[in-house]
>>> print(open('query-v7.tsv').read())   # TSV, C-alpha atoms and all ligand atoms
chain	number	residue	atom	x	y	z
A	1	MET	CA	6.85	-84.83	-41.69
A	2	THR	CA	4.14	-86.18	-44.02
A	3	ILE	CA	0.56	-84.94	-43.58
A	4	LEU	CA	-2.15	-87.49	-44.43
A	5	ILE	CA	-5.46	-86.08	-45.66
A	6	THR	CA	-8.49	-88.37	-45.65
A	7	GLY	CA	-11.49	-87.34	-47.74
A	8	ALA	CA	-8.83	-85.77	-49.99
A	9	THR	CA	-11.06	-85.67	-53.06
A	10	GLY	CA	-13.99	-84.16	-51.15
A	11	ASN	CA	-15.13	-80.59	-50.73
A	12	VAL	CA	-12.89	-79.79	-47.77
A	13	GLY	CA	-10.09	-82.27	-48.45
A	14	ARG	CA	-9.33	-81.13	-51.98
A	15	HIS	CA	-8.77	-77.56	-50.81
A	16	LEU	CA	-6.75	-78.74	-47.85
A	17	VAL	CA	-4.46	-80.87	-50.05
A	18	GLN	CA	-3.89	-77.95	-52.44
A	19	LEU	CA	-3.23	-75.51	-49.63
A	20	LEU	CA	-0.70	-77.69	-47.81
A	21	HIS	CA	1.00	-78.75	-51.05
A	22	ALA	CA	1.27	-75.12	-52.18
A	23	GLY	CA	2.72	-74.30	-48.76
A	24	GLY	CA	5.54	-76.78	-49.33
A	25	HIS	CA	4.35	-79.49	-46.94
A	26	PRO	CA	4.72	-83.14	-47.93
A	27	VAL	CA	1.11	-84.26	-48.47
A	28	ARG	CA	-0.32	-87.74	-48.76
A	29	ALA	CA	-3.90	-88.02	-50.01
A	30	LEU	CA	-6.18	-90.95	-49.28
A	31	THR	CA	-8.74	-92.02	-51.87
A	32	ARG	CA	-10.41	-95.25	-52.90
A	33	ASP	CA	-9.49	-94.52	-56.51
A	34	PRO	CA	-6.09	-92.86	-57.04
A	35	ALA	CA	-6.50	-92.90	-60.84
A	36	ALA	CA	-9.57	-90.67	-60.60
A	37	ALA	CA	-8.31	-88.41	-57.80
A	38	ASP	CA	-7.06	-85.55	-60.02
A	39	LEU	CA	-4.87	-84.01	-57.31
A	40	PRO	CA	-1.82	-81.79	-57.90
A	41	ALA	CA	1.37	-83.40	-59.19
A	42	GLY	CA	3.74	-84.07	-56.32
A	43	VAL	CA	1.00	-85.13	-53.92
A	44	ASP	CA	1.50	-88.73	-52.74
A	45	VAL	CA	-1.88	-90.24	-53.66
A	46	ARG	CA	-2.59	-93.52	-51.86
A	47	ALA	CA	-5.38	-96.06	-52.21
A	48	GLY	CA	-7.27	-96.56	-48.98
A	49	ASP	CA	-10.72	-97.24	-47.62
A	50	PHE	CA	-12.18	-96.49	-44.20
A	51	THR	CA	-13.64	-100.01	-44.19
A	52	ASP	CA	-10.18	-101.58	-44.67
A	53	LEU	CA	-8.00	-100.92	-41.63
A	54	ALA	CA	-4.91	-102.43	-43.26
A	55	SER	CA	-5.10	-99.87	-46.07
A	56	LEU	CA	-5.21	-97.06	-43.49
A	57	GLU	CA	-2.28	-98.52	-41.55
A	58	ALA	CA	-0.25	-98.59	-44.76
A	59	ALA	CA	-1.17	-95.00	-45.58
A	60	LEU	CA	-0.13	-93.87	-42.09
A	61	GLU	CA	3.49	-94.91	-42.52
A	62	CYS	CA	5.81	-91.95	-41.62
A	63	VAL	CA	2.83	-89.63	-41.09
A	64	THR	CA	3.14	-86.95	-38.41
A	65	ALA	CA	-0.14	-85.08	-38.93
A	66	LEU	CA	-3.55	-86.43	-39.92
A	67	HIS	CA	-6.76	-84.86	-41.15
A	68	LEU	CA	-9.52	-87.33	-40.40
A	69	LEU	CA	-13.16	-87.43	-41.47
A	70	THR	CA	-15.40	-88.97	-38.84
A	71	THR	CA	-18.13	-90.12	-41.21
A	72	PHE	CA	-18.14	-91.03	-44.89
A	73	GLY	CA	-20.30	-92.01	-47.83
A	74	PRO	CA	-23.92	-91.37	-48.83
A	75	GLY	CA	-25.19	-92.81	-45.54
A	76	ASN	CA	-22.84	-90.72	-43.36
A	77	THR	CA	-21.42	-93.94	-41.92
A	78	THR	CA	-19.23	-93.51	-38.85
A	79	ILE	CA	-15.65	-94.65	-39.49
A	80	PRO	CA	-15.42	-98.18	-38.03
A	81	ASN	CA	-12.68	-99.57	-35.78
A	82	SER	CA	-11.76	-96.07	-34.67
A	83	ARG	CA	-9.78	-97.28	-31.63
A	84	ASP	CA	-7.63	-99.50	-33.87
A	85	LEU	CA	-7.20	-96.65	-36.32
A	86	VAL	CA	-6.10	-94.29	-33.54
A	87	ALA	CA	-3.69	-96.92	-32.20
A	88	ALA	CA	-2.22	-97.27	-35.70
A	89	ALA	CA	-1.82	-93.49	-35.94
A	90	VAL	CA	0.00	-93.32	-32.61
A	91	LYS	CA	2.23	-96.24	-33.61
A	92	ALA	CA	3.07	-94.55	-36.92
A	93	GLY	CA	4.24	-91.40	-35.08
A	94	VAL	CA	1.27	-89.12	-35.74
A	95	GLN	CA	1.25	-86.12	-33.41
A	96	ARG	CA	-1.42	-83.71	-34.64
A	97	VAL	CA	-4.93	-84.66	-35.78
A	98	THR	CA	-7.77	-82.55	-37.10
A	99	LEU	CA	-11.19	-84.17	-36.82
A	100	LEU	CA	-13.95	-83.03	-39.18
A	101	TRP	CA	-17.28	-83.84	-37.60
A	102	ASN	CA	-20.66	-84.38	-39.16
A	103	GLY	CA	-22.68	-82.40	-36.67
A	104	TYR	CA	-22.14	-84.58	-33.63
A	105	ALA	CA	-19.23	-85.98	-31.65
A	106	GLY	CA	-19.14	-89.77	-31.88
A	107	PRO	CA	-16.82	-92.72	-31.33
A	108	VAL	CA	-14.02	-91.40	-33.55
A	109	GLU	CA	-13.76	-88.22	-31.47
A	110	GLU	CA	-13.88	-90.25	-28.26
A	111	ALA	CA	-11.10	-92.59	-29.44
A	112	VAL	CA	-8.88	-89.64	-30.35
A	113	GLU	CA	-9.60	-87.79	-27.11
A	114	ASP	CA	-8.63	-90.90	-25.13
A	115	SER	CA	-5.28	-91.10	-26.94
A	116	GLU	CA	-2.04	-89.17	-26.66
A	117	LEU	CA	-2.66	-87.44	-30.01
A	118	GLN	CA	-2.87	-83.64	-30.11
A	119	TYR	CA	-6.33	-83.16	-31.58
A	120	THR	CA	-8.26	-80.19	-32.92
A	121	HIS	CA	-11.98	-80.58	-33.50
A	122	LEU	CA	-13.32	-78.90	-36.63
A	123	ARG	CA	-17.04	-78.39	-36.08
A	124	PRO	CA	-18.62	-76.70	-39.09
A	125	GLY	CA	-22.30	-76.16	-39.58
A	126	GLU	CA	-23.77	-76.30	-43.05
A	127	PHE	CA	-21.34	-75.99	-45.98
A	128	MET	CA	-21.96	-73.20	-48.52
A	129	SER	CA	-21.15	-75.79	-51.18
A	130	ASN	CA	-24.39	-77.64	-50.37
A	131	ALA	CA	-25.95	-74.98	-52.61
A	132	LEU	CA	-24.33	-76.77	-55.57
A	133	THR	CA	-27.20	-79.27	-55.27
A	134	TRP	CA	-29.38	-76.43	-56.61
A	135	ALA	CA	-27.24	-75.96	-59.72
A	136	GLU	CA	-29.15	-78.23	-62.08
A	137	THR	CA	-32.60	-76.71	-61.52
A	138	ILE	CA	-31.14	-73.20	-61.58
A	139	ARG	CA	-29.54	-73.95	-64.96
A	140	THR	CA	-32.52	-75.75	-66.47
A	141	GLU	CA	-35.57	-74.08	-64.86
A	142	GLY	CA	-34.30	-70.98	-63.05
A	143	VAL	CA	-35.72	-72.35	-59.81
A	144	VAL	CA	-34.60	-73.68	-56.44
A	145	ARG	CA	-36.83	-76.04	-54.45
A	146	GLU	CA	-35.93	-76.54	-50.81
A	147	ALA	CA	-37.60	-77.56	-47.57
A	148	TYR	CA	-37.37	-75.53	-44.36
A	149	GLY	CA	-35.66	-72.78	-46.37
A	150	GLU	CA	-37.05	-70.00	-44.20
A	151	ILE	CA	-34.97	-71.22	-41.26
A	152	GLY	CA	-31.69	-69.32	-41.11
A	153	HIS	CA	-28.23	-70.94	-41.08
A	154	SER	CA	-24.73	-69.50	-41.01
A	155	PRO	CA	-23.16	-71.57	-43.82
A	156	VAL	CA	-19.39	-71.79	-43.98
A	157	ASP	CA	-17.14	-71.84	-47.04
A	158	VAL	CA	-15.22	-75.13	-47.24
A	159	ARG	CA	-12.13	-73.09	-48.13
A	160	ASP	CA	-12.35	-71.52	-44.67
A	161	ILE	CA	-12.58	-74.96	-43.07
A	162	ALA	CA	-9.50	-76.01	-45.05
A	163	ASP	CA	-7.64	-72.83	-44.03
A	164	VAL	CA	-8.30	-73.52	-40.35
A	165	ALA	CA	-7.40	-77.22	-40.73
A	166	ALA	CA	-4.12	-76.36	-42.47
A	167	LEU	CA	-3.07	-74.11	-39.57
A	168	ALA	CA	-4.09	-76.68	-36.95
A	169	LEU	CA	-2.07	-79.36	-38.76
A	170	THR	CA	1.07	-77.30	-39.17
A	171	GLU	CA	1.46	-74.95	-36.21
A	172	ASP	CA	1.31	-75.09	-32.42
A	173	GLY	CA	-1.49	-73.59	-30.39
A	174	HIS	CA	-4.52	-75.52	-31.64
A	175	ALA	CA	-4.32	-78.71	-29.57
A	176	GLY	CA	-7.43	-79.42	-27.53
A	177	GLN	CA	-9.49	-76.76	-29.32
A	178	ALA	CA	-13.01	-77.39	-30.60
A	179	TYR	CA	-13.45	-74.89	-33.42
A	180	ILE	CA	-17.05	-74.12	-34.35
A	181	LEU	CA	-16.83	-72.92	-37.92
A	182	THR	CA	-19.56	-70.77	-39.45
A	183	GLY	CA	-19.83	-68.15	-42.10
A	184	PRO	CA	-20.08	-64.44	-41.27
A	185	GLU	CA	-23.89	-64.13	-41.53
A	186	VAL	CA	-27.16	-65.96	-40.93
A	187	LEU	CA	-29.01	-66.58	-44.19
A	188	THR	CA	-32.25	-68.22	-45.24
A	189	ALA	CA	-32.38	-70.32	-48.41
A	190	PRO	CA	-34.25	-67.54	-50.30
A	191	GLN	CA	-31.45	-65.12	-49.34
A	192	GLN	CA	-28.85	-67.60	-50.62
A	193	VAL	CA	-30.83	-67.98	-53.84
A	194	ALA	CA	-30.91	-64.19	-54.24
A	195	ALA	CA	-27.10	-64.08	-53.84
A	196	ILE	CA	-26.69	-66.73	-56.55
A	197	ALA	CA	-29.10	-64.82	-58.82
A	198	ASP	CA	-26.98	-61.67	-58.32
A	199	ALA	CA	-23.81	-63.61	-59.08
A	200	ILE	CA	-25.11	-65.01	-62.38
A	201	GLY	CA	-27.10	-61.95	-63.38
A	202	ARG	CA	-30.35	-63.91	-63.84
A	203	ASP	CA	-33.63	-64.20	-61.94
A	204	VAL	CA	-33.88	-67.36	-59.87
A	205	ARG	CA	-37.19	-68.29	-58.22
A	206	TYR	CA	-37.39	-69.92	-54.80
A	207	GLU	CA	-40.15	-72.49	-54.21
A	208	ALA	CA	-40.79	-73.84	-50.73
A	209	GLU	CA	-40.92	-77.63	-50.80
A	210	ASP	CA	-42.59	-79.94	-48.32
A	211	ARG	CA	-40.63	-82.70	-46.59
A	212	GLU	CA	-41.87	-85.47	-48.91
A	213	GLY	CA	-40.93	-83.42	-51.97
A	214	ALA	CA	-37.45	-82.85	-50.54
A	215	LYS	CA	-37.07	-86.56	-49.76
A	216	ALA	CA	-38.01	-87.56	-53.31
A	217	ARG	CA	-35.56	-85.03	-54.75
A	218	MET	CA	-32.74	-86.20	-52.49
A	219	ARG	CA	-33.43	-89.90	-53.20
A	220	ALA	CA	-33.10	-89.12	-56.92
A	221	MET	CA	-29.64	-87.66	-56.10
A	222	GLY	CA	-28.57	-91.05	-54.65
A	223	ILE	CA	-28.60	-89.98	-51.01
A	224	GLU	CA	-29.46	-92.76	-48.56
A	225	GLU	CA	-32.65	-92.62	-46.52
A	226	GLN	CA	-30.92	-92.25	-43.15
A	227	ALA	CA	-28.80	-89.37	-44.43
A	228	ILE	CA	-31.86	-87.70	-45.98
A	229	ASP	CA	-33.67	-87.71	-42.64
A	230	TYR	CA	-30.54	-86.46	-40.89
A	231	VAL	CA	-30.17	-83.52	-43.30
A	232	LEU	CA	-33.87	-82.61	-43.21
A	233	ASP	CA	-34.05	-82.84	-39.41
A	234	TRP	CA	-30.98	-80.60	-39.24
A	235	ARG	CA	-32.55	-78.09	-41.63
A	236	ALA	CA	-35.89	-78.14	-39.77
A	237	ALA	CA	-34.33	-77.66	-36.34
A	238	PRO	CA	-30.66	-76.73	-36.62
A	239	PRO	CA	-28.54	-77.02	-33.51
A	240	GLU	CA	-28.22	-73.60	-31.88
A	241	PHE	CA	-24.65	-73.03	-33.07
A	242	ALA	CA	-25.58	-73.64	-36.73
A	243	SER	CA	-27.82	-70.60	-36.91
A	244	LYS	CA	-25.46	-68.27	-35.09
A	245	VAL	CA	-22.34	-66.50	-36.27
A	246	PHE	CA	-19.05	-67.48	-34.66
A	247	THR	CA	-15.85	-65.53	-35.26
A	248	THR	CA	-13.61	-68.65	-35.17
A	249	VAL	CA	-12.50	-68.46	-38.80
A	250	ALA	CA	-11.37	-64.86	-38.35
A	251	ASP	CA	-9.85	-65.56	-34.93
A	252	VAL	CA	-7.77	-68.48	-36.23
A	253	THR	CA	-6.83	-67.21	-39.70
A	254	GLY	CA	-6.58	-63.48	-38.97
A	255	ARG	CA	-8.96	-62.54	-41.82
A	256	PRO	CA	-12.74	-62.48	-42.10
A	257	ALA	CA	-14.71	-65.59	-43.02
A	258	ARG	CA	-15.77	-65.66	-46.66
A	259	THR	CA	-19.33	-64.46	-47.39
A	260	PHE	CA	-21.93	-66.46	-49.27
A	261	ALA	CA	-22.07	-63.68	-51.88
A	262	ALA	CA	-18.34	-64.17	-52.55
A	263	TRP	CA	-18.80	-67.95	-52.67
A	264	ALA	CA	-21.64	-67.51	-55.19
A	265	ARG	CA	-19.50	-65.26	-57.40
A	266	ASP	CA	-16.60	-67.74	-57.27
A	267	HIS	CA	-18.93	-70.60	-58.25
A	268	ALA	CA	-21.14	-68.67	-60.70
A	269	ASP	CA	-20.16	-70.88	-63.65
A	270	SER	CA	-21.68	-73.92	-61.90
A	271	PHE	CA	-25.06	-72.18	-61.96
A	272	ARG	CA	-24.98	-70.85	-65.54
B	1	LIG	N1	-22.14	-80.89	-46.24
B	1	LIG	C1	-22.25	-80.33	-45.05
B	1	LIG	O1	-23.01	-79.37	-44.87
B	1	LIG	C2	-21.44	-80.86	-43.90
B	1	LIG	C3	-21.48	-80.17	-42.70
B	1	LIG	C4	-20.69	-80.63	-41.64
B	1	LIG	C5	-19.92	-81.75	-41.80
B	1	LIG	N2	-19.91	-82.43	-43.00
B	1	LIG	C6	-19.06	-83.63	-43.10
B	1	LIG	O2	-17.79	-83.24	-43.58
B	1	LIG	C7	-17.13	-84.40	-44.10
B	1	LIG	C8	-16.41	-84.07	-45.39
B	1	LIG	O3	-17.36	-83.66	-46.30
B	1	LIG	P1	-16.93	-83.23	-47.75
B	1	LIG	O4	-18.14	-82.52	-48.30
B	1	LIG	O5	-15.63	-82.54	-47.73
B	1	LIG	O6	-16.73	-84.61	-48.43
B	1	LIG	P2	-17.38	-85.10	-49.76
B	1	LIG	O7	-17.23	-84.03	-50.78
B	1	LIG	O8	-18.74	-85.64	-49.46
B	1	LIG	O9	-16.40	-86.28	-50.14
B	1	LIG	C9	-16.40	-87.48	-49.44
B	1	LIG	C10	-14.96	-87.91	-49.27
B	1	LIG	O10	-14.98	-89.12	-48.53
B	1	LIG	C11	-14.18	-90.06	-49.19
B	1	LIG	N3	-14.74	-91.38	-48.96
B	1	LIG	C12	-16.02	-91.79	-49.18
B	1	LIG	N4	-16.13	-93.09	-48.83
B	1	LIG	C13	-14.91	-93.49	-48.40
B	1	LIG	C14	-14.39	-94.71	-47.91
B	1	LIG	N5	-15.16	-95.80	-47.80
B	1	LIG	N6	-13.10	-94.76	-47.55
B	1	LIG	C15	-12.28	-93.69	-47.66
B	1	LIG	N7	-12.71	-92.48	-48.12
B	1	LIG	C16	-14.01	-92.39	-48.48
B	1	LIG	C17	-14.22	-89.71	-50.65
B	1	LIG	O11	-13.03	-90.18	-51.23
B	1	LIG	P3	-12.93	-91.09	-52.57
B	1	LIG	O12	-14.30	-91.08	-53.20
B	1	LIG	O13	-11.88	-90.41	-53.39
B	1	LIG	O14	-12.52	-92.42	-52.06
B	1	LIG	C18	-14.28	-88.19	-50.61
B	1	LIG	O15	-12.97	-87.65	-50.57
B	1	LIG	C19	-18.18	-85.49	-44.22
B	1	LIG	O16	-18.03	-86.40	-43.15
B	1	LIG	C20	-19.47	-84.71	-44.08
B	1	LIG	O17	-20.49	-85.52	-43.57
B	1	LIG	C21	-20.64	-81.99	-44.05
>>> encode(input="query-v7.tsv", output="structure tokens")
Amino acid sequence: MTILITGATGNVGRHLVQLLHAGGHPVRALTRDPAAADLPAGVDVRAGDFTDLASLEAALECVTALHLLTTFGPGNTTIPNSRDLVAAAVKAGVQRVTLLWNGYAGPVEEAVEDSELQYTHLRPGEFMSNALTWAETIRTEGVVREAYGEIGHSPVDVRDIADVAALALTEDGHAGQAYILTGPEVLTAPQQVAAIADAIGRDVRYEAEDREGAKARMRAMGIEEQAIDYVLDWRAAPPEFASKVFTTVADVTGRPARTFAAWARDHADSFR
């Protein structure tokens, strides 16, 4: 009855591991560096890499439910050999899979849909936690620079994504669903900045940035060129769903989606 979480040290995965472990489920966490993973005691932390199929096959042993990223790394690389990975999952005895997309359905989704696995698509828009990229300039200069900030999004709290994933991995009724996951309101970047300012009790200025300025800033953060263009194109012209509010989080969990104001309060120390 082991549940394997890929991306276990990431924004969504870390919450998902904690949630399932706290709920008494046997959890296995995949990471390239178990020594640095810093996951709760009792979690079975395994070394594995999406580029090394054998390491994934080993991690899948005795696994009955799988949370799978579809892309990884600073270039948002699509997980390779997805048909072999899916075959290995079926062979291992996996039944339920949650698939966390990166804004589009690609070969990993297709491979899973063509299999006998019971899959649930998790289709979030922008994560609230992307605002953590503003933390350094808020702390040092009291400013946020962002491109296309006037375009509204409905960012979702990664804890809500993890809550939905945990239910889809552990209970019936979610197979075949494609859950679009958003927050409870559409916000512009200046509105998000105002919520952070409220949370930390300090003025924070918003400065509109042009595309080249945003690219230079993101390159300095180590993000690869292809991923930079993807993010900026998304921000400039978000897919329709990403700037609407969907009630999926509330429908699935039975409680309202977390607000950005609550997220900002919970992460205030990162901005101080
Ligand atoms: N940010 C957004 O707004 C947004 C919106 C929609 C979807 N997404 C997508 O959601 C997914 C999860 O994002 P996240 O923010 O939770 O993750 P994250 O914080 O960016 O962490 C990335 C995770 O991927 C793992 N990873 C990286 N390279 C790997 C490799 N070669 N083999 C195995 N694991 C590898 C890392 O594990 P180790 O370093 O421990 O190995 C880490 O756990 C990503 O695919 C992202 O593109 C993001």
>>> closest_residue(input="query-v7.tsv", among="A:Phe241, A:Phe246, A:Phe260, A:Tyr148", to="A:Glu209", atoms="all atoms listed in the file")
A:Tyr148
>>> closest_residue(input="query-v7.tsv", among="A:Val156, A:Ser270, A:Ala147, A:Leu16", to="A:Glu212", atoms="all atoms listed in the file")
A:Ala147
>>> closest_residue(input="query-v7.tsv", among="A:Pro190, A:Gly48, A:Pro74, A:Gly173", to="A:Leu4", atoms="all atoms listed in the file")
A:Gly48
>>> atom_distance(input="query-v7.tsv", atom1="atom C2 of ligand LIG 1 (chain B)", atom2="atom CA of A:Thr64")
25.9 Å
>>> residues_around(input="query-v7.tsv", residues="A:Arg46", least_positions_apart="2", cutoff="8 Å", atoms="only C-alpha atoms", output="list in words")
Arg28, Ala29, Leu30, Thr31, Pro34, Asp44, Gly48 and Ala59 of chain A
>>> closest_residue(input="query-v7.tsv", among="A:Ala208, A:Val249, A:Leu85, A:Leu187", to="A:Val143", atoms="only C-alpha atoms")
A:Ala208
>>> closest_residue(input="query-v7.tsv", among="A:Val86, A:Val43, A:Ala194, A:Leu99", to="A:Ile180", atoms="all atoms listed in the file")
A:Leu99
>>> residues_around(input="query-v7.tsv", residues="stretch 51-54 of chain A", least_positions_apart="6", cutoff="10 Å", atoms="all atoms listed in the file", output="ChimeraX atom specification")
/A:60,79-82,84-85,88
>>> closest_residue(input="query-v7.tsv", among="A:Asp157, A:Glu146, A:Asp198, A:Asp33", to="A:Ala268", atoms="only C-alpha atoms")
A:Asp198
>>> residues_around(input="query-v7.tsv", residues="A:Gly201", least_positions_apart="5", cutoff="10 Å", atoms="only C-alpha atoms", output="MDAnalysis selection string")
chainID A and resid 195:196 268 272
>>> write_last_selection(input="query-v7.tsv", atoms="C-alpha atoms", output="compact mmCIF listing (two decimals), in the coordinates of the input")
# COMPACT_ATOMS: atom_id res chain seq x y z
CA ALA A 195 -27.10 -64.08 -53.84
CA ILE A 196 -26.69 -66.73 -56.55
CA ALA A 268 -21.14 -68.67 -60.70
CA ARG A 272 -24.98 -70.85 -65.54
>>> residues_around(input="query-v7.tsv", residues="A:Tyr230", least_positions_apart="4", cutoff="12 Å", atoms="only C-alpha atoms", output="list of chain:residue names")
A:Pro74, A:Gly75, A:Asn76, A:Thr77, A:Asn102, A:Gly103, A:Tyr104, A:Lys215, A:Met218, A:Ile223, A:Glu224, A:Glu225, A:Gln226, A:Trp234, A:Arg235, A:Ala236, A:Ala237, A:Pro238
>>> residues_near_point(input="query-v7.tsv", point="(-15.3, -76.6, -49.3)", cutoff="8 Å", atoms="all atoms listed in the file", output="ChimeraX atom specification")
/A:10-15,127-129,157-162
>>> atom_distance(input="query-v7.tsv", atom1="atom CA of A:Gly213", atom2="atom CA of A:His153")
20.9 Å
>>> residues_near_point(input="query-v7.tsv", point="(-7.2, -66.0, -38.2)", cutoff="12 Å", atoms="all atoms listed in the file", output="list in words")
Asp160, Ile161, Asp163, Val164, Ala165, Ala166, Leu167, Ala168, His174, Tyr179, Leu181, Thr247, Thr248, Val249, Ala250, Asp251, Val252, Thr253, Gly254, Arg255, Pro256 and Ala257 of chain A
>>> atom_distance(input="query-v7.tsv", atom1="atom CA of A:Val17", atom2="atom CA of A:Ile3")
9.1 Å
>>> residues_around(input="query-v7.tsv", residues="A:Glu61", least_positions_apart="2", cutoff="10 Å", atoms="only C-alpha atoms", output="count of residues only")
14
>>> closest_atom_pairs(input="query-v7.tsv", of="stretch 128-198 of chain A", to="stretch 106-118 of chain A", cutoff="12 Å", atoms="all atoms listed in the file", output="tab-separated table")
residue	atom	partner	partner_atom	distance
A:Ala168	CA	A:Gln118	CA	9.8
A:Leu169	CA	A:Gln118	CA	9.7
A:Thr170	CA	A:Gln118	CA	11.7
A:Glu171	CA	A:Gln118	CA	11.5
A:Asp172	CA	A:Gln118	CA	9.8
A:Gly173	CA	A:Gln118	CA	10.1
A:His174	CA	A:Gln118	CA	8.4
A:Ala175	CA	A:Gln118	CA	5.2
A:Gly176	CA	A:Gln118	CA	6.7
A:Gln177	CA	A:Gln118	CA	9.6
A:Ala178	CA	A:Glu109	CA	10.9
>>> decode(input="query-v7.tsv", residues="stretch 134-140 of chain A", atoms="all heavy atoms", output="compact mmCIF listing (two decimals), in the first residue's frame")
# COMPACT_ATOMS: atom_id res chain seq x y z
N TRP A 134 9.86 37.07 -5.28
CA TRP A 134 9.90 38.50 -4.99
C TRP A 134 10.55 38.78 -3.63
O TRP A 134 10.74 39.93 -3.24
CB TRP A 134 8.49 39.09 -4.95
CG TRP A 134 7.71 38.98 -6.22
CD1 TRP A 134 8.22 38.85 -7.49
CD2 TRP A 134 6.29 39.02 -6.37
NE1 TRP A 134 7.20 38.79 -8.40
CE2 TRP A 134 6.00 38.90 -7.74
CE3 TRP A 134 5.24 39.15 -5.47
CZ2 TRP A 134 4.70 38.90 -8.24
CZ3 TRP A 134 3.93 39.16 -5.96
CH2 TRP A 134 3.67 39.03 -7.33
N ALA A 135 10.82 37.73 -2.87
CA ALA A 135 11.18 37.93 -1.46
C ALA A 135 12.45 38.77 -1.30
O ALA A 135 12.51 39.66 -0.44
CB ALA A 135 11.35 36.57 -0.77
N GLU A 136 13.44 38.49 -2.14
CA GLU A 136 14.73 39.17 -1.92
C GLU A 136 14.61 40.69 -2.12
O GLU A 136 15.07 41.47 -1.28
CB GLU A 136 15.80 38.59 -2.83
CG GLU A 136 17.17 39.12 -2.45
CD GLU A 136 18.30 38.54 -3.28
OE1 GLU A 136 18.10 37.46 -3.87
OE2 GLU A 136 19.35 39.19 -3.34
N THR A 137 13.94 41.11 -3.21
CA THR A 137 13.86 42.56 -3.43
C THR A 137 12.88 43.22 -2.46
O THR A 137 13.02 44.39 -2.14
CB THR A 137 13.48 42.91 -4.89
OG1 THR A 137 12.24 42.27 -5.22
CG2 THR A 137 14.57 42.48 -5.86
N ILE A 138 11.91 42.45 -1.97
CA ILE A 138 11.04 43.02 -0.92
C ILE A 138 11.87 43.26 0.34
O ILE A 138 11.80 44.33 0.96
CB ILE A 138 9.83 42.09 -0.64
CG1 ILE A 138 8.87 42.09 -1.82
CG2 ILE A 138 9.11 42.52 0.65
CD1 ILE A 138 7.65 41.18 -1.67
N ARG A 139 12.67 42.27 0.70
CA ARG A 139 13.49 42.40 1.93
C ARG A 139 14.52 43.52 1.79
O ARG A 139 14.71 44.31 2.70
CB ARG A 139 14.23 41.08 2.21
CG ARG A 139 13.37 40.00 2.84
CD ARG A 139 14.24 38.89 3.40
NE ARG A 139 15.15 38.33 2.42
CZ ARG A 139 14.90 37.23 1.70
NH1 ARG A 139 13.76 36.57 1.88
NH2 ARG A 139 15.76 36.78 0.81
N THR A 140 15.19 43.59 0.63
CA THR A 140 16.34 44.49 0.52
C THR A 140 15.97 45.88 0.03
O THR A 140 16.61 46.86 0.38
CB THR A 140 17.40 43.89 -0.42
OG1 THR A 140 16.79 43.64 -1.70
CG2 THR A 140 17.97 42.60 0.15
